[in-house]
Every structure is written in structure tokens, then in C-alpha cells.
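Here's work.csv, which has CSV, C-alpha atoms:
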chain,number,residue,atom,x,y,z
A,379,MET,CA,-0.1,-53.7,-46.5
A,380,ILE,CA,-3.2,-53.3,-44.3
A,381,ILE,CA,-1.1,-53.9,-41.2
A,382,THR,CA,1.4,-51.3,-42.3
A,383,LYS,CA,-1.4,-48.7,-42.9
A,384,ARG,CA,-2.9,-49.5,-39.5
A,385,LEU,CA,0.5,-49.0,-37.8
A,386,ALA,CA,1.0,-45.7,-39.6
A,387,ALA,CA,-2.5,-44.5,-38.5
A,388,GLY,CA,-1.8,-45.6,-35.0
A,389,ALA,CA,1.5,-43.7,-34.9
A,390,CYS,CA,-0.2,-40.6,-36.2
A,391,ALA,CA,-2.9,-40.9,-33.6
A,392,LEU,CA,-0.3,-41.3,-30.9
A,393,LEU,CA,1.7,-38.3,-32.1
A,394,ALA,CA,-1.5,-36.2,-32.2
A,395,ALA,CA,-2.4,-37.3,-28.6
A,396,LEU,CA,1.1,-36.4,-27.5
A,397,ALA,CA,0.9,-33.0,-29.2
A,398,ALA,CA,-2.5,-32.3,-27.6
A,399,GLY,CA,-1.1,-33.2,-24.2
A,400,ILE,CA,2.0,-31.0,-24.7
A,401,ALA,CA,0.2,-27.9,-25.9
A,402,PRO,CA,-1.8,-27.2,-22.8
A,403,ALA,CA,1.2,-27.7,-20.6
A,404,SER,CA,3.1,-25.1,-22.6
A,405,ALA,CA,0.2,-22.7,-22.4
A,406,ALA,CA,0.0,-23.3,-18.6
A,407,ASP,CA,3.6,-22.2,-18.3
A,408,GLY,CA,2.8,-18.7,-19.6
A,409,PRO,CA,0.9,-15.8,-17.8
A,410,SER,CA,-2.7,-16.5,-16.7
A,411,LYS,CA,-5.5,-14.1,-16.5
A,412,ASN,CA,-4.7,-13.3,-12.8
A,413,SER,CA,-1.0,-13.2,-13.3
A,414,PRO,CA,0.8,-9.9,-12.3
A,415,LYS,CA,1.1,-7.0,-14.7
A,416,VAL,CA,4.0,-4.6,-15.0
A,417,GLU,CA,4.3,-1.6,-17.3
A,418,LEU,CA,7.6,0.1,-17.8
A,419,VAL,CA,7.2,3.8,-18.5
A,420,LEU,CA,10.3,5.3,-20.2
A,421,ASP,CA,11.2,8.9,-20.5
A,422,VAL,CA,12.3,9.6,-24.1
A,423,SER,CA,12.4,13.4,-23.9
A,424,GLY,CA,15.2,15.5,-25.4
A,425,SER,CA,17.1,15.6,-22.1
A,426,MET,CA,17.9,11.9,-22.4
A,427,ARG,CA,20.6,12.9,-24.9
A,428,ALA,CA,22.8,13.9,-21.9
A,429,THR,CA,26.0,11.8,-21.7
A,430,ASP,CA,26.5,11.4,-17.9
A,431,LEU,CA,25.9,7.7,-17.3
A,432,ASP,CA,29.1,5.7,-17.6
A,433,GLY,CA,30.3,8.3,-20.3
A,434,ARG,CA,27.3,7.4,-22.5
A,435,SER,CA,24.0,9.0,-23.3
A,436,ARG,CA,21.1,8.3,-20.9
A,437,MET,CA,19.0,6.9,-23.8
A,438,SER,CA,21.6,4.4,-24.9
A,439,VAL,CA,22.1,3.1,-21.3
A,440,ALA,CA,18.3,2.9,-20.9
A,441,LYS,CA,17.9,0.9,-24.1
A,442,GLU,CA,20.6,-1.6,-23.1
A,443,ALA,CA,19.1,-2.0,-19.7
A,444,PHE,CA,15.7,-2.6,-21.2
A,445,GLY,CA,17.1,-5.3,-23.4
A,446,GLU,CA,18.5,-7.1,-20.3
A,447,VAL,CA,15.3,-6.7,-18.4
A,448,ILE,CA,13.2,-8.1,-21.3
A,449,ASP,CA,15.4,-11.2,-21.5
A,450,ALA,CA,14.9,-11.7,-17.7
A,451,VAL,CA,11.1,-11.2,-17.5
A,452,PRO,CA,9.7,-14.2,-15.5
A,453,SER,CA,7.3,-16.4,-17.6
A,454,GLY,CA,4.4,-15.7,-15.2
A,455,VAL,CA,4.5,-11.9,-15.6
A,456,ARG,CA,2.6,-9.8,-18.2
A,457,LEU,CA,4.8,-6.9,-19.3
A,458,GLY,CA,4.1,-3.7,-21.2
A,459,ILE,CA,6.1,-0.6,-22.3
A,460,ARG,CA,4.9,3.0,-22.6
A,461,THR,CA,6.9,6.0,-23.6
A,462,LEU,CA,6.6,9.7,-22.9
A,463,GLY,CA,8.1,12.4,-25.0
A,464,ALA,CA,9.1,10.0,-27.8
A,465,ASN,CA,7.2,11.4,-30.8
A,466,TYR,CA,6.6,15.2,-30.8
A,467,PRO,CA,9.8,17.3,-31.3
A,468,GLY,CA,8.1,20.7,-31.6
A,469,ASP,CA,7.5,23.7,-29.2
A,470,ASP,CA,3.7,23.5,-29.0
A,471,ARG,CA,3.1,22.9,-25.3
A,472,GLU,CA,-0.4,21.4,-25.7
A,473,LEU,CA,0.9,18.8,-28.2
A,474,GLY,CA,4.1,18.1,-26.2
A,475,CYS,CA,2.2,17.5,-23.0
A,476,ARG,CA,0.0,14.7,-24.6
A,477,ASP,CA,3.0,12.9,-26.1
A,478,SER,CA,2.7,9.5,-24.5
A,479,LYS,CA,2.1,6.3,-26.3
A,480,GLN,CA,2.0,2.6,-25.5
A,481,LEU,CA,5.0,1.0,-27.2
A,482,TYR,CA,4.3,-2.7,-26.3
A,483,ARG,CA,1.0,-4.0,-25.2
A,484,VAL,CA,0.7,-5.5,-21.7
A,485,GLY,CA,0.8,-9.3,-22.0
A,486,PRO,CA,3.1,-12.3,-22.5
A,487,VAL,CA,6.5,-11.1,-23.7
A,488,ASP,CA,7.7,-11.7,-27.2
A,489,ARG,CA,11.3,-10.8,-26.4
A,490,THR,CA,12.4,-10.2,-30.0
A,491,GLU,CA,9.4,-7.9,-30.8
A,492,ALA,CA,9.7,-6.0,-27.5
A,493,LYS,CA,13.5,-5.3,-27.9
A,494,ALA,CA,13.0,-4.3,-31.5
A,495,ALA,CA,10.4,-1.7,-30.5
A,496,VAL,CA,12.8,-0.2,-27.8
A,497,ALA,CA,15.7,-0.1,-30.3
A,498,THR,CA,14.0,2.4,-32.5
A,499,LEU,CA,13.5,5.1,-29.7
A,500,GLN,CA,15.3,8.4,-30.0
A,501,PRO,CA,15.3,11.3,-27.5
A,502,THR,CA,12.7,13.7,-28.8
A,503,GLY,CA,10.3,15.9,-26.8
A,504,TRP,CA,8.6,16.9,-23.6
A,505,THR,CA,8.2,15.2,-20.2
A,506,PRO,CA,4.5,14.7,-19.5
A,507,ILE,CA,4.8,12.4,-16.5
A,508,GLY,CA,1.3,12.9,-15.1
A,509,TYR,CA,-0.3,12.3,-18.5
A,510,ALA,CA,1.8,9.1,-19.0
A,511,LEU,CA,0.9,7.7,-15.6
A,512,ARG,CA,-2.8,8.0,-16.4
A,513,GLY,CA,-2.2,6.2,-19.7
A,514,ALA,CA,-0.2,3.4,-18.0
A,515,ASP,CA,-3.1,2.9,-15.5
A,516,GLN,CA,-5.5,2.3,-18.4
A,517,ASP,CA,-3.0,0.0,-20.1
A,518,LEU,CA,-2.8,-2.3,-17.1
A,519,GLY,CA,-6.6,-2.6,-16.9
A,520,THR,CA,-8.5,-4.2,-13.9
A,521,ASP,CA,-8.9,-7.8,-15.1
A,522,GLY,CA,-7.1,-9.3,-12.1
A,523,GLY,CA,-3.5,-9.7,-10.9
A,524,THR,CA,-1.3,-7.2,-9.2
A,525,ARG,CA,-0.6,-4.0,-11.0
A,526,ARG,CA,2.8,-2.2,-11.0
A,527,ILE,CA,4.2,0.8,-12.9
A,528,VAL,CA,8.0,1.3,-13.1
A,529,LEU,CA,8.7,4.9,-14.2
A,530,ILE,CA,12.2,5.7,-15.5
A,531,THR,CA,12.9,9.4,-16.1
A,532,ASP,CA,15.8,11.9,-16.0
A,533,GLY,CA,13.9,14.9,-14.8
A,534,GLU,CA,10.7,16.3,-13.3
A,535,ASP,CA,7.5,16.8,-15.2
A,536,SER,CA,7.8,19.7,-17.7
A,537,CYS,CA,4.1,20.2,-18.2
A,538,GLY,CA,2.8,21.0,-14.7
A,539,GLN,CA,-0.8,19.8,-15.4
A,540,PRO,CA,-1.8,17.3,-14.5
A,541,ASP,CA,0.5,17.3,-11.5
A,542,PRO,CA,2.2,13.9,-11.2
A,543,CYS,CA,1.8,13.7,-7.4
A,544,ASP,CA,-1.9,14.5,-7.7
A,545,VAL,CA,-2.3,11.8,-10.4
A,546,ALA,CA,-0.5,9.2,-8.2
A,547,ARG,CA,-2.9,10.0,-5.3
A,548,GLU,CA,-5.9,9.9,-7.7
A,549,LEU,CA,-4.8,6.4,-9.0
A,550,ALA,CA,-4.2,5.1,-5.5
A,551,ALA,CA,-7.6,6.3,-4.4
A,552,LYS,CA,-9.3,4.3,-7.1
A,553,GLY,CA,-8.7,1.2,-4.9
A,554,THR,CA,-7.2,-1.0,-7.6
A,555,HIS,CA,-4.0,-1.5,-5.6
A,556,LEU,CA,-1.6,0.1,-8.1
A,557,THR,CA,2.0,0.5,-7.1
A,558,ILE,CA,4.3,3.0,-8.8
A,559,ASP,CA,8.1,2.7,-8.4
A,560,THR,CA,10.2,5.5,-9.7
A,561,LEU,CA,13.9,5.5,-10.9
A,562,GLY,CA,15.7,8.8,-11.4
A,563,LEU,CA,18.5,9.2,-13.8
A,564,ALA,CA,19.1,12.8,-12.7
A,565,HIS,CA,20.0,13.8,-9.2
A,566,ASP,CA,18.7,17.3,-8.6
A,567,ASP,CA,16.5,18.0,-5.6
A,568,LYS,CA,13.4,18.9,-7.6
A,569,THR,CA,13.4,15.6,-9.5
A,570,ARG,CA,14.1,13.6,-6.3
A,571,GLU,CA,11.3,15.3,-4.5
A,572,GLN,CA,8.7,14.7,-7.3
A,573,LEU,CA,9.7,11.1,-7.9
A,574,SER,CA,9.6,10.4,-4.1
A,575,CYS,CA,6.2,12.0,-3.9
A,576,ILE,CA,4.8,9.8,-6.7
A,577,ALA,CA,6.2,6.6,-5.2
A,578,GLU,CA,5.0,7.4,-1.6
A,579,ALA,CA,1.5,8.1,-2.8
A,580,THR,CA,1.1,4.4,-3.9
A,581,GLY,CA,3.4,2.6,-1.5
A,582,GLY,CA,6.2,2.3,-4.1
A,583,THR,CA,9.9,3.1,-3.9
A,584,TYR,CA,12.2,5.7,-5.3
A,585,THR,CA,15.7,4.9,-6.5
A,586,SER,CA,18.4,7.2,-7.7
A,587,VAL,CA,20.4,5.5,-10.5
A,588,GLN,CA,24.0,6.5,-11.6
A,589,HIS,CA,25.1,3.4,-13.6
A,590,LYS,CA,23.7,1.0,-16.2
A,591,ASP,CA,24.1,-2.0,-14.0
A,592,GLU,CA,22.1,-0.2,-11.2
A,593,LEU,CA,19.3,0.6,-13.7
A,594,SER,CA,18.9,-2.9,-15.2
A,595,GLY,CA,19.4,-4.6,-11.8
A,596,ARG,CA,16.7,-2.5,-10.1
A,597,ILE,CA,14.2,-2.9,-12.9
A,598,LYS,CA,14.7,-6.7,-12.8
A,599,GLN,CA,14.2,-6.7,-9.1
A,600,LEU,CA,10.9,-4.7,-9.3
A,601,VAL,CA,9.6,-7.0,-12.1
A,602,ARG,CA,10.4,-10.1,-10.1
A,603,ARG,CA,8.8,-8.5,-7.0
A,604,ALA,CA,5.6,-8.3,-8.9
A,605,GLU,CA,5.5,-12.1,-9.3
A,606,VAL,CA,5.6,-12.6,-5.5
A,607,PRO,CA,2.0,-13.4,-4.3
A,608,VAL,CA,0.6,-10.7,-2.1
A,609,GLU,CA,-2.8,-10.2,-0.6
A,610,THR,CA,-4.6,-7.3,-2.3
A,611,PRO,CA,-6.5,-5.0,0.2
A,612,LYS,CA,-10.2,-4.8,-0.4
A,613,PRO,CA,-11.6,-1.3,-0.8
A,614,VAL,CA,-14.1,-0.2,1.9
A,615,ASN,CA,-15.9,3.1,2.8
A,616,GLY,CA,-16.0,3.7,6.5
A,617,ALA,CA,-18.9,5.6,8.0
A,618,ASN,CA,-19.1,8.6,10.2
A,619,GLU,CA,-20.8,6.7,13.0
A,620,CYS,CA,-20.9,3.2,14.4
A,621,ALA,CA,-24.5,2.5,13.5
A,622,LYS,CA,-23.8,3.0,9.7
A,623,ALA,CA,-20.4,1.3,9.7
A,624,PRO,CA,-19.7,-1.4,7.1
A,625,GLU,CA,-19.0,-4.9,8.4
A,626,LEU,CA,-15.4,-6.2,7.9
A,627,GLY,CA,-14.2,-9.8,8.0
A,628,ALA,CA,-10.7,-11.1,8.4
A,629,GLY,CA,-8.3,-9.7,5.8
A,630,LEU,CA,-6.8,-6.5,4.5
A,631,TRP,CA,-9.0,-3.4,3.9
A,632,THR,CA,-8.1,0.0,2.4
A,633,ASP,CA,-9.9,3.3,2.8
A,634,ARG,CA,-9.2,7.1,2.6
A,635,ALA,CA,-9.6,9.6,5.5
A,636,THR,CA,-9.3,13.3,5.2
A,637,PHE,CA,-7.7,15.4,7.9
A,638,SER,CA,-9.5,15.3,11.3
A,639,GLU,CA,-12.0,12.7,10.0
A,640,HIS,CA,-13.1,9.7,12.1
A,641,ARG,CA,-14.0,6.5,10.2
A,642,TRP,CA,-16.1,3.7,11.7
A,643,TYR,CA,-16.1,-0.1,10.9
A,644,LYS,CA,-17.8,-3.2,12.4
A,645,VAL,CA,-16.5,-6.6,13.2
A,646,GLN,CA,-18.5,-9.6,14.4
A,647,VAL,CA,-16.5,-11.5,17.2
A,648,LYS,CA,-17.8,-14.9,18.3
A,649,PRO,CA,-17.3,-16.3,21.8
A,650,GLY,CA,-13.9,-18.0,22.0
A,651,GLN,CA,-12.3,-15.6,19.5
A,652,GLU,CA,-9.8,-12.8,19.8
A,653,LEU,CA,-10.0,-9.8,17.6
A,654,ARG,CA,-6.6,-8.5,16.4
A,655,THR,CA,-6.5,-5.5,14.3
A,656,SER,CA,-4.0,-2.8,13.2
A,657,VAL,CA,-4.3,0.4,11.2
A,658,SER,CA,-1.8,2.2,9.2
A,659,VAL,CA,-2.2,5.8,7.9
A,660,GLY,CA,0.2,6.9,5.1
A,661,ALA,CA,1.4,10.5,4.8
A,662,ASP,CA,1.5,10.7,1.0
A,663,ARG,CA,1.9,14.5,0.9
A,664,ALA,CA,3.6,17.2,2.9
A,665,VAL,CA,2.3,17.2,6.5
A,666,ASP,CA,2.9,19.3,9.6
A,667,ARG,CA,5.4,18.2,12.2
A,668,ASP,CA,3.2,16.6,14.9
A,669,TYR,CA,0.9,13.7,14.1
A,670,GLY,CA,-0.7,10.6,15.6
A,671,VAL,CA,-3.1,7.7,14.9
A,672,LEU,CA,-5.8,6.2,17.2
A,673,ILE,CA,-7.9,3.0,16.9
A,674,ARG,CA,-10.6,2.2,19.4
A,675,ALA,CA,-12.8,-0.9,19.9
A,676,VAL,CA,-16.2,0.2,21.1
A,677,GLY,CA,-19.0,-2.1,22.4
A,678,PRO,CA,-22.8,-1.7,22.7
A,679,GLY,CA,-23.8,1.7,24.0
A,680,GLY,CA,-20.6,3.3,23.0
A,681,ARG,CA,-18.6,1.7,25.9
A,682,GLU,CA,-14.9,1.7,25.0
A,683,LEU,CA,-13.4,-1.8,25.2
A,684,VAL,CA,-9.7,-1.1,24.4
A,685,ARG,CA,-7.7,1.3,22.4
A,686,GLY,CA,-4.3,1.6,20.6
A,687,SER,CA,-2.5,4.8,19.7
A,688,ASP,CA,0.8,6.1,18.6
A,689,ALA,CA,2.2,9.6,17.9
A,690,GLY,CA,5.4,11.3,16.8
A,691,SER,CA,7.0,14.5,15.7
A,692,GLY,CA,9.1,14.9,12.5
A,693,ARG,CA,8.9,13.3,9.1
A,694,THR,CA,7.3,9.9,8.6
A,695,ASP,CA,5.7,8.0,5.7
A,696,VAL,CA,3.4,5.7,7.7
A,697,MET,CA,2.0,5.8,11.3
A,698,SER,CA,0.6,2.6,12.7
A,699,SER,CA,-1.2,1.3,15.8
A,700,GLY,CA,-3.2,-1.8,16.8
A,701,LEU,CA,-5.2,-3.5,19.5
A,702,ARG,CA,-6.3,-7.0,20.7
A,703,TYR,CA,-9.7,-7.8,22.2
A,704,PRO,CA,-10.5,-11.4,23.4
A,705,VAL,CA,-14.0,-12.7,24.0
A,706,GLY,CA,-14.4,-15.5,26.5
A,707,LYS,CA,-15.9,-18.8,25.6
A,708,SER,CA,-19.7,-19.0,25.8
A,709,GLY,CA,-21.6,-20.3,28.8
A,710,ASP,CA,-24.9,-22.2,29.1
A,711,ASP,CA,-26.9,-19.0,28.4
A,712,GLU,CA,-28.0,-18.8,24.7
A,713,LYS,CA,-27.3,-15.1,24.8
A,714,ASP,CA,-23.6,-15.8,25.6
A,715,LYS,CA,-23.3,-17.8,22.4
A,716,GLU,CA,-24.1,-14.9,20.1
A,717,ALA,CA,-21.4,-13.1,18.2
A,718,ARG,CA,-20.6,-9.6,19.6
A,719,THR,CA,-20.6,-6.5,17.4
A,720,VAL,CA,-17.4,-4.6,17.9
A,721,CYS,CA,-17.1,-1.2,16.3
A,722,LEU,CA,-13.7,0.1,15.3
A,723,GLU,CA,-13.1,3.9,15.2
A,724,VAL,CA,-10.0,5.1,13.3
A,725,SER,CA,-8.8,8.6,13.5
A,726,HIS,CA,-5.5,10.5,13.0
A,727,SER,CA,-4.1,13.8,13.9
A,728,PHE,CA,-2.2,14.5,10.7
A,729,SER,CA,-2.5,18.1,9.6
A,730,ALA,CA,-1.0,20.1,6.7
A,731,PRO,CA,-0.5,23.7,5.5
A,732,ALA,CA,-3.4,25.3,3.7
A,733,SER,CA,-1.6,25.0,0.3
A,734,VAL,CA,-1.7,21.1,0.5
A,735,LYS,CA,-4.7,19.4,-1.2
A,736,ARG,CA,-7.2,17.6,1.1
A,737,ASP,CA,-8.7,15.3,-1.5
A,738,PRO,CA,-8.4,12.4,-1.8
A,739,GLY,CA,-7.8,11.7,1.9
A,740,LEU,CA,-4.8,10.0,3.4
A,741,PRO,CA,-4.6,6.3,2.6
A,742,VAL,CA,-5.8,4.0,5.5
A,743,GLU,CA,-5.1,0.3,5.6
A,744,LEU,CA,-6.8,-2.0,8.2
A,745,ALA,CA,-5.6,-5.5,8.9
A,746,VAL,CA,-8.3,-7.6,10.7
A,747,ASP,CA,-7.7,-11.1,12.1
A,748,LEU,CA,-9.9,-13.4,14.2
A,749,THR,CA,-8.0,-16.1,16.1
A,750,ASP,CA,-8.9,-18.5,18.9
A,751,SER,CA,-9.0,-16.8,22.3
A,752,PRO,CA,-6.8,-18.3,25.0
A,753,ASP,CA,-8.5,-20.5,27.6
A,754,SER,CA,-7.4,-18.2,30.4
A,755,PRO,CA,-7.1,-14.7,28.8
A,756,SER,CA,-4.2,-12.8,30.3
A,757,ASP,CA,-4.8,-9.8,28.2
A,758,ILE,CA,-5.8,-7.0,30.6
A,759,ALA,CA,-8.7,-6.0,28.3
A,760,ALA,CA,-10.3,-9.4,29.0
A,761,PHE,CA,-10.9,-8.5,32.6
A,762,GLY,CA,-12.5,-5.2,32.0
A,763,LEU,CA,-9.5,-3.0,32.9
A,764,GLY,CA,-8.9,-0.2,30.5
A,765,ARG,CA,-12.7,0.0,29.8
A,766,GLY,CA,-13.5,3.5,31.1
A,767,TRP,CA,-15.6,3.4,34.3
A,768,VAL,CA,-14.3,0.0,35.5
A,769,LEU,CA,-10.8,1.3,35.5
A,770,LEU,CA,-11.9,4.5,37.2
A,771,GLY,CA,-13.7,2.6,39.9
A,772,VAL,CA,-10.7,0.4,40.6
A,773,LEU,CA,-8.4,3.4,40.9
A,774,VAL,CA,-10.8,5.3,43.3
A,775,LEU,CA,-11.2,2.2,45.6
A,776,THR,CA,-7.5,1.7,45.6
A,777,GLY,CA,-6.9,5.3,46.5
A,778,LEU,CA,-9.5,5.3,49.3
A,779,ILE,CA,-8.0,2.2,51.0
A,780,ALA,CA,-4.5,3.6,50.7
A,781,GLY,CA,-5.6,6.9,52.2
A,782,LEU,CA,-7.3,5.2,55.2
A,783,VAL,CA,-4.3,3.1,55.9
A,784,TRP,CA,-1.9,6.0,55.7
A,785,GLY,CA,-4.1,8.1,57.9
A,786,TRP,CA,-4.3,5.4,60.6
A,787,VAL,CA,-0.5,4.9,60.5
A,788,SER,CA,0.1,8.6,60.8
A,789,ARG,CA,-2.2,9.0,63.8
A,790,TRP,CA,-0.6,6.0,65.5
A,791,ARG,CA,2.9,7.4,65.0
A,792,VAL,CA,1.8,10.8,66.5
A,793,SER,CA,0.3,9.1,69.5
A,794,VAL,CA,3.5,7.1,70.2
A,795,TRP,CA,5.6,10.3,69.8
A,796,ARG,CA,3.5,12.2,72.3
A,797,ALA,CA,3.6,9.3,74.8
A,798,ASN,CA,7.3,9.2,74.7

Before anything else, please render the file you have as C-alpha cells.
Amino acid sequence: MIITKRLAAGACALLAALAAGIAPASAADGPSKNSPKVELVLDVSGSMRATDLDGRSRMSVAKEAFGEVIDAVPSGVRLGIRTLGANYPGDDRELGCRDSKQLYRVGPVDRTEAKAAVATLQPTGWTPIGYALRGADQDLGTDGGTRRIVLITDGEDSCGQPDPCDVARELAAKGTHLTIDTLGLAHDDKTREQLSCIAEATGGTYTSVQHKDELSGRIKQLVRRAEVPVETPKPVNGANECAKAPELGAGLWTDRATFSEHRWYKVQVKPGQELRTSVSVGADRAVDRDYGVLIRAVGPGGRELVRGSDAGSGRTDVMSSGLRYPVGKSGDDEKDKEARTVCLEVSHSFSAPASVKRDPGLPVELAVDLTDSPDSPSDIAAFGLGRGWVLLGVLVLTGLIAGLVWGWVSRWRVSVWRAN
């Protein structure tokens, strides 16, 4: 009897140990604190009653697509759902333009609960897109992980204030690396222009949708994209002169620059290293036809080391340029072993009509990399060419020698001609 009891106790202990071992593993399969977060923002305004998607109402197609998306959410993604225009059916503009509510809290997905919440939605009220985007930003929080909003709507904002494009720029300028992707169920020019503006302001995408399969497929793609590891740019505030510039290390950095503004940054480059950096300036609003971007590497005393630039004319979303600057390996002198301070000046020639808002400035992204310098640098910047006075001196000397040789040859030819 005692043996039997001991065997039973041992079996219970073994089962308990196995359960304890299994529980953490199951928890580990779910989203962690730093896992990506996605919030789906669905337009439930009265216009979603229209029956122009596969012969069905826009609302019924959106519900079915959401059900498929919820079933396909990866285990490592935290998902939330917010609605706009789902609750207030009246004509009071003030109330209608605040009609946005979080339907499902951002976190691990309970598929049954999430689909049940979506199933109760009925087309109701207004289209306060700007107000809903601010709410979605708060829903996502800032506790780690990439942040993405997917906006699904069948029309432009019906409230006017806050303007959705201004809200998107405002959220992007906060430096929390928020991406907003937009999907349009209507295809008029005003809706397309507004949704494209929202997406461009945050580096997102705009997609026009005409069928249910397109809608569910695109949302699934965007949710899966959130799970792909990406390096989040670190926010930085450039200075208006080299002496006050913040120091950058290797990595991605993000800033804002208003029209005609010059931003300065510092990088420490050790002997035997090569600085590689690129800058991208995004046109997240309507800009004039001609534009350009310039990045300069400047040494002590303001001496230009090397520069990179690009320019264009027409419509663009991003303008980029870059440069490389190698530093030779140190010699016996102790001074040669010290890191060199290289200042980076970033400027752009984007301009815009007076009606376009200046603040926040255009988004600037800097990529900085420090690699091993080649043993025998072949880059022209390593030999001093392209560094202001050095290049000028070489050109003057070359021109002087060429002029003397040509003059001597000309006189010799004239003398021969006269003699003959």
C-alpha cells in the first residue's frame, strides 16, 4: 500500500514538473513585450452601406476580410482594432467628429473574441480619420516593438479638423517610428490624394481595393510585414553649426529639417576606418518642381573633405545622396592614432507654395556606417582631391604646364613655317 502511494505521489510530481515545463514554452510562443504591434482602423461610417464591392456592401466585405485576417495573424504580433463612425448616427458635427473607439485592445489575439466584436458592427456615422489616427497612436503605446496602423476607409475625412495629413506628419515627427498604411475602398481623386498623403507622411503605402480578396490579402501582407525585424531609426536633433552638433555612431538616425535649413552632426572616425553615410529627405507634402539634397563631410577648420549631392525636377517622394571618407591607418606619431572628428552637414533645396505648412519639417533619415578602410585607399577623397584648395592647386598647375607646352609648340611651328 505504501509503495502504491509513493508511486502515485511520484507520478503526480512528474506530471506537475512536465506541466511547469510546458507552460513557459507555450507562453514563449506568444507575443513578447518587444513584439510588433498593429492596429486595424476600420471606417464604419454610413457610406459603408454602398454595394459596389463584388455586388455586396462595403461593410459586409470588410467584416469577412477582417475574419480572415484575424485567423491569419502570426503568433508573434500584437493586434488591435479601432473603429471610426461606428456609434453616433446623428447630425451633430461636434459629436460625429469624435466618434472613434477602440474595439479590441492591442495584445495577443483571442480570435473568437476579436471576430465577435467585428461581427456586431453596422454602418452608422461620420468619418473622423484624423481623430481616429491620434487615438490609434495612443492605443499602440511606446513600450517597445514596431508600430503600424492599417487604415481601411471608403472616403476622405468628413470633419476637416484635425486634418489627417497634418496628424500623420505630427505622429511621424514624434520619433516613435510609426508607419501608417492606407487602403481605399472608394476610387475618387480626393480620397486617393488624402490617403496617399497620410501614407507618404509616415513611409507607409496606399492601396486601392476593388474586391474582397484584394482587401484581405493586402491586410494579411501588411500584418505579416510588421513581424519582419527592422532596425528602428533613433531620433536625433541636428544643430545649426558644427561646434554644437550631436555625435552619431553607426546606425540609423531620424530628424526633421524645415525648408532651407542646414543640419549638422558629428562622427568620430578612427585611423583605419572608412565613414560611409547616406541621407534621405522625404517629401511628405506638396513641394515645388525643382529640388535637391546635399551632404558634406567637413574637417577641422571648416575644410571640406568630400560631398555627395543629387537633384531633380518633377514629383518625387524621397531624394537621397551619400558619401565615403576613408582615414588611413595610424603611423608612429601618437597624434595620428587619435580619432578624427568629421562633421556632416545636411541640406536640401525643397521648396513649397506659401499655402503649405512648414512645421514639422521634412523627414530626414541618416544611415551611418564605419567599416575597415582599405590598405591602399583608391577612393579619390583619400588623396586629398575634391578637398577645395588642393583640387584648385592641381588644376592651376596642370593648366600652367599645358599652356607653356602649347606655347612652345606654337612658336616652333611658326619658326619652321617662316624658314620654309

For Lys735 (chain A), which residue among A:Cys543, A:Arg791, A:Ile448, A:Gly463 is the nearest when counting all atoms listed in the file? A:Cys543

When distances are computed from all atoms listed in the file, which of A:Pro414, A:Thr502, A:Val496, A:Ala564 shows the smallest separation from Thr429 (chain A)?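 For Thr429 (chain A), the nearest of the given residues is A:Ala564.
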
Quick one: residues within 9 Å of region 612-622 of chain A, all atoms listed in the file, excluding same-chain residues fewer than 5 positions away - as a PyMOL selection string? chain A and resi 552-555+629-635+639-644+676+680+721-723

Extract, using all atoms listed in the file, all DNA, RNA and protein residues at most 8 Å from Met426 (chain A), discarding same-chain residues fewer than 4 positions from it, and format them as an MDAnalysis selection string. chainID A and resid 421:422 435:437 501 532

Extract, using all atoms listed in the file, all DNA, RNA and protein residues at most 8 Å from region 516-520 of chain A, discarding same-chain residues fewer than 6 positions from it, and format them as a PyMOL selection string. chain A and resi 415-417+480+483-484+554

Mind pulling up the distance from CA of Ser793 (chain A) to CA of Val774 (chain A)?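 Spanning CA of Val774 (chain A) to CA of Ser793 (chain A) is a straight-line distance of 28.7 Å.
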
Neighbour residues at most 9 Å from (-3.6, -3.3, 12.8) (all atoms listed in the file) as a PyMOL selection string: chain A and resi 654-658+673+698-701+743-747

Determine the nearest neighbour of Thr531 (chain A) from the options A:Gly508, A:Gly562, A:Gly513, A:Pro624, counting all atoms listed in the file. A:Gly562

Would you please work out which residue, of A:Ser453, A:Gln500, A:Thr560, A:Thr719, is nearest to Ser425 (chain A) when using only C-alpha atoms? A:Gln500

CA of Ala689 (chain A) to CA of Asp666 (chain A), distance in Å rounded to a single decimal: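 Interatomic distance, CA of Ala689 (chain A) to CA of Asp666 (chain A): 12.8 Å.
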
Please report the interatomic distance between CA of Gly474 (chain A) and CA of Trp504 (chain A) in Å with one decimal.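 If I compute the distance from CA of Gly474 (chain A) to CA of Trp504 (chain A), I get 5.3 Å.
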